[in-house]
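A.B. asks: Supplied in structure tokens, the structure appears directly below.
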Amino acid sequence: MNSTISLTLLGWQPFFQQQLSLVEYETAQIARVIAHHRSAYVLQMEQAQFSLPITSSLPSMVLGDWLLVDDDQRFMRQLDRKSLFKRKAPGTKLGEQLIAANVDTLFIVCSLNHDFNLSRIERYLALAYEADVEPVVVLTKQDLCDDADCKRQQIQALDPLLMVVSVNALDGDCCEPLLSWCQPGRTVSLLGSSGVGKSTLTNTLMGNTVQVTAGIREDDSKGRHTTTARSMHLMPTGAVLIDTPGMRELQLTDCEEGVNQAFADIDELAQQCRFADCQHNGEPGCAVQKAVDVGELDPRRLDNYFKLMREQARNSASLADRRAKDKQFGKMVKSVMSESTRFKKGY
Ligand SMILES: Nc1nc2c(ncn2[C@@H]2O[C@H](COP(=O)(O)OP(=O)(O)OP(=O)(O)O)[C@@H](O)[C@H]2O)c(=O)[nH]1
Ligand SMILES: [Zn+2]
């Protein structure tokens, strides 16, 4: 990223401008998080780039966040986010992991060969809707697939209004339709499994090579893990591109709204069930089950809906549980401390 850049090109929009008070408007400097290292954030302002060490007094920020700093580049406050991606922290860890903030369009990247998987796309769509980001499904490796049109139609059938584009990520001309989402001041991001072609697409959209791409094992089409750091690039079209590493695991947390939106057809059918609290699990008068029985709703889709709903509920419950325990622990520490102060003071 250049050291001098206009705020508009960096992705500044009226939504953020409106949050500034008059005093802030006159005195504060505006900065965006363009990289997130273990011990510091890298911030970009109009005229300078600097590093802000991570301390316990800073809120937890993520790539794409906007914040205000004073003339000495000290943190003042973080601005409200327009959108936020997060997932359950990977592995056995409880809690959530922030992925990127203030993204306008999410390219959900999926290859048309062995990686093609409707349920995975539904998972990414739920995440995009929950994050308040416009999703565009990008199907790569069109050149390696004989039935690209048929696969594309299967995705379109999930939602007739969904944007779906198939490309050969290695071919610039072929990727041109994606540029309409990459206008100056827009922030776009890519999400997809490892090896689907995110780095290749990034290179093509950037018009040069900014990411190292890896070869792929022919047998199972699983890419090697090559993209390691999250980074932000300014595209030749003037948009900002946030690149995230291939994620092997993308579990939903706190995502009920997103799942309902990704499965709007099921949500709509559910309004017609006889019981308002119908679980669509054998109850009489269930419109959802009926749609499956008459072949109007794919049973795979219903299963995936149940699976994602359960997953997000389980992960949000364990997160809520941990927050409650942390709060309880905090109270206990406070009461022990005040006990000990009273004891020392002798009353
Ligand atoms: N023929 C063809 N090959 C592609 C296409 N897209 C990606 N590839 C190849 O697939 C392999 C993996 O692509 P990458 O761009 O490294 O995949 P990635 O999603 O960035 O992978 P991670 O960095 O692991 O997340 C590379 O060898 C690319 O050249 C495509 O549309 N057509
Ligand atoms: Zn029902």
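Quick note on naming: the chains in the structure tokens go A, B, ... in the order shown, residues restart at 1 in each chain, and ligands are numbered from 1 in order of appearance.
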Could you list, with a cut-off of 6 Å and counting only C-alpha atoms and all ligand atoms, the residues of chain A near ligand 2, each shown with its nearest atom pair and the distance in Å rounded to one decimal, rows sorted by chain and ascending number, as a Markdown table?
C.D. replies:
```
| residue | atom | partner | partner_atom_place_in_ligand_line | distance |
| --- | --- | --- | --- | --- |
| A:Ala270 | CA | ligand 2 | 1 (Zn) | 5.4 |
| A:Cys273 | CA | ligand 2 | 1 (Zn) | 4.7 |
| A:Cys278 | CA | ligand 2 | 1 (Zn) | 4.5 |
| A:Gln279 | CA | ligand 2 | 1 (Zn) | 5.5 |
| A:His280 | CA | ligand 2 | 1 (Zn) | 3.5 |
| A:Cys286 | CA | ligand 2 | 1 (Zn) | 3.7 |
| A:Ala287 | CA | ligand 2 | 1 (Zn) | 5.3 |
| A:Val288 | CA | ligand 2 | 1 (Zn) | 5.0 |
```
A.B. asks: Check the DSSP output for the backbone and give back, as a PyMOL selection string, the residues of segment 134-325 of chain A in alpha helix (DSSP H).
C.D. replies: chain A and resi 148-156+198-206+256-262+264-270+287-293+299-325
A.B. asks: Using only C-alpha atoms, find the one residue out of A:Ala40, A:Val292, A:Cys110, A:Leu252 that sits nearest to Leu52 of chain A.
C.D. replies: A:Ala40
A.B. asks: Which is closer to ligand 1 than all the others in A:Gly172, A:Gly197, A:Gly91, A:Pro59, using only C-alpha atoms and all ligand atoms?
C.D. replies: A:Gly197
A.B. asks: Using only C-alpha atoms, which of A:Ser199, A:Ser189, A:Thr253, A:Ser21 sits nearest Pro90 of chain A?
C.D. replies: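 Using only C-alpha atoms, Pro90 of chain A sits closest to A:Thr253.
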A.B. asks: Could you give me, as an MDAnalysis selection string, the residues within 9 Å of Val259 of chain A, counting only C-alpha atoms and dropping anything in the same chain fewer than 3 positions from it?
C.D. replies: chainID A and resid 122:123 125:127 129:130 255:256 262:264 305 308:309 312
A.B. asks: Can you list, as JSON, numbers by chain, all residues belonging to segment 62-230 of chain A that DSSP tags as strand (DSSP E or B)?
C.D. replies: {"A": [66, 67, 68, 69, 75, 76, 77, 78, 84, 85, 86, 87, 88, 96, 97, 98, 99, 100, 101, 105, 106, 107, 108, 109, 110, 111, 134, 135, 136, 137, 138, 139, 140, 163, 164, 165, 166, 187, 188, 189, 190, 191, 216, 223]}
A.B. asks: Here is a test: counting only C-alpha atoms and all ligand atoms, which residue of A:Arg74, A:Arg32, A:Lys141, A:Arg87 is nearest to ligand 1?
C.D. replies: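 Using only C-alpha atoms and all ligand atoms, ligand 1 sits closest to A:Lys141.
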A.B. asks: If we count only C-alpha atoms, what is near Gln44 of chain A at a cut-off of 9 Å, once residues fewer than 2 positions away on the same chain are taken out, given as a short mmCIF file (atom, residue, chain, number, x, y, z; two decimals) with N, CA and C atoms, in the first residue's frame?
C.D. replies:
```
data_model
loop_
_atom_site.label_atom_id
_atom_site.label_comp_id
_atom_site.auth_asym_id
_atom_site.auth_seq_id
_atom_site.Cartn_x
_atom_site.Cartn_y
_atom_site.Cartn_z
N MET A 1 0.85 -1.21 0.00
CA MET A 1 0.00 0.00 0.00
C MET A 1 0.88 1.25 0.00
N ASN A 2 0.49 2.30 -0.75
CA ASN A 2 1.30 3.52 -0.83
C ASN A 2 1.32 4.26 0.49
N SER A 3 2.35 5.12 0.68
CA SER A 3 2.37 5.85 1.94
C SER A 3 1.46 7.09 1.86
N THR A 4 1.14 7.56 0.67
CA THR A 4 0.19 8.67 0.53
C THR A 4 -1.00 8.20 -0.29
N ILE A 5 -2.18 8.40 0.27
CA ILE A 5 -3.38 7.91 -0.41
C ILE A 5 -4.57 8.74 0.08
N LEU A 10 -8.96 4.87 0.23
CA LEU A 10 -8.71 3.92 1.31
C LEU A 10 -10.02 3.26 1.79
N ILE A 30 -7.62 10.47 10.83
CA ILE A 30 -8.37 9.24 10.52
C ILE A 30 -7.40 8.19 9.99
N ALA A 31 -7.54 6.96 10.50
CA ALA A 31 -6.61 5.90 10.07
C ALA A 31 -7.36 4.59 9.89
N ARG A 32 -6.85 3.75 8.99
CA ARG A 32 -7.46 2.44 8.78
C ARG A 32 -6.45 1.33 9.05
N VAL A 33 -6.92 0.26 9.68
CA VAL A 33 -6.02 -0.88 9.97
C VAL A 33 -5.79 -1.62 8.65
N ILE A 34 -4.51 -1.62 8.18
CA ILE A 34 -4.23 -2.30 6.90
C ILE A 34 -3.42 -3.58 7.10
N VAL A 42 -0.84 -2.15 11.78
CA VAL A 42 -0.26 -1.16 10.87
C VAL A 42 -1.42 -0.29 10.40
N GLU A 46 -3.91 9.44 5.50
CA GLU A 46 -3.75 9.99 4.15
C GLU A 46 -2.29 10.21 3.80
N GLN A 47 -1.54 10.71 4.79
CA GLN A 47 -0.16 11.10 4.47
C GLN A 47 0.90 10.18 5.06
N ALA A 48 0.50 9.22 5.86
CA ALA A 48 1.53 8.43 6.54
C ALA A 48 1.02 7.05 6.91
N GLN A 49 1.98 6.21 7.15
CA GLN A 49 1.68 4.86 7.61
C GLN A 49 2.46 4.67 8.91
N PHE A 50 1.83 4.11 9.92
CA PHE A 50 2.59 3.88 11.16
C PHE A 50 2.07 2.64 11.88
N SER A 51 2.85 2.29 12.89
CA SER A 51 2.56 1.07 13.62
C SER A 51 2.02 1.42 15.01
#
```
A.B. asks: Residues near Leu170 of chain A, anyone? I mean within 12 Å using only C-alpha atoms, not counting same-chain ones fewer than 5 positions away, as a list in words.
C.D. replies: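 Surrounding residues, per the criterion: Thr140, Lys141, Gln142, Asp143, Leu144, Cys175, Glu176, Val196, Gly197, Lys198, Ser199, Thr200, Leu201, Thr202, Asn203, Thr204, Leu205, Met206, Gly207, Asn208, Thr209 and Thr213 of chain A.
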A.B. asks: Which is closer to ligand 1 than all the others in A:Gln29, A:Thr8, A:Ser338, A:Ser194, using only C-alpha atoms and all ligand atoms?
C.D. replies: A:Ser194
A.B. asks: As an exercise, work out the distance from atom CA of Ser180 of chain A to atom CA of Ser6 of chain A in Å and give it to one decimal place.
C.D. replies: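 Distance reported for this atom pair: 20.9 Å.
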A.B. asks: Determine the nearest neighbour of Gly195 of chain A from the options A:Val165, A:Ile121, A:Leu112, A:Ala157, counting only C-alpha atoms.
C.D. replies: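 Among the listed residues, the smallest separation from Gly195 of chain A belongs to A:Leu112.
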A.B. asks: Would you pick out the contacts of Asp132 of chain A at 8 Å or less, using only C-alpha atoms, so that residues sharing its chain but fewer than 5 positions from it are not included, and give the list as JSON, numbers by chain?
C.D. replies: {"A": [82, 83, 84]}
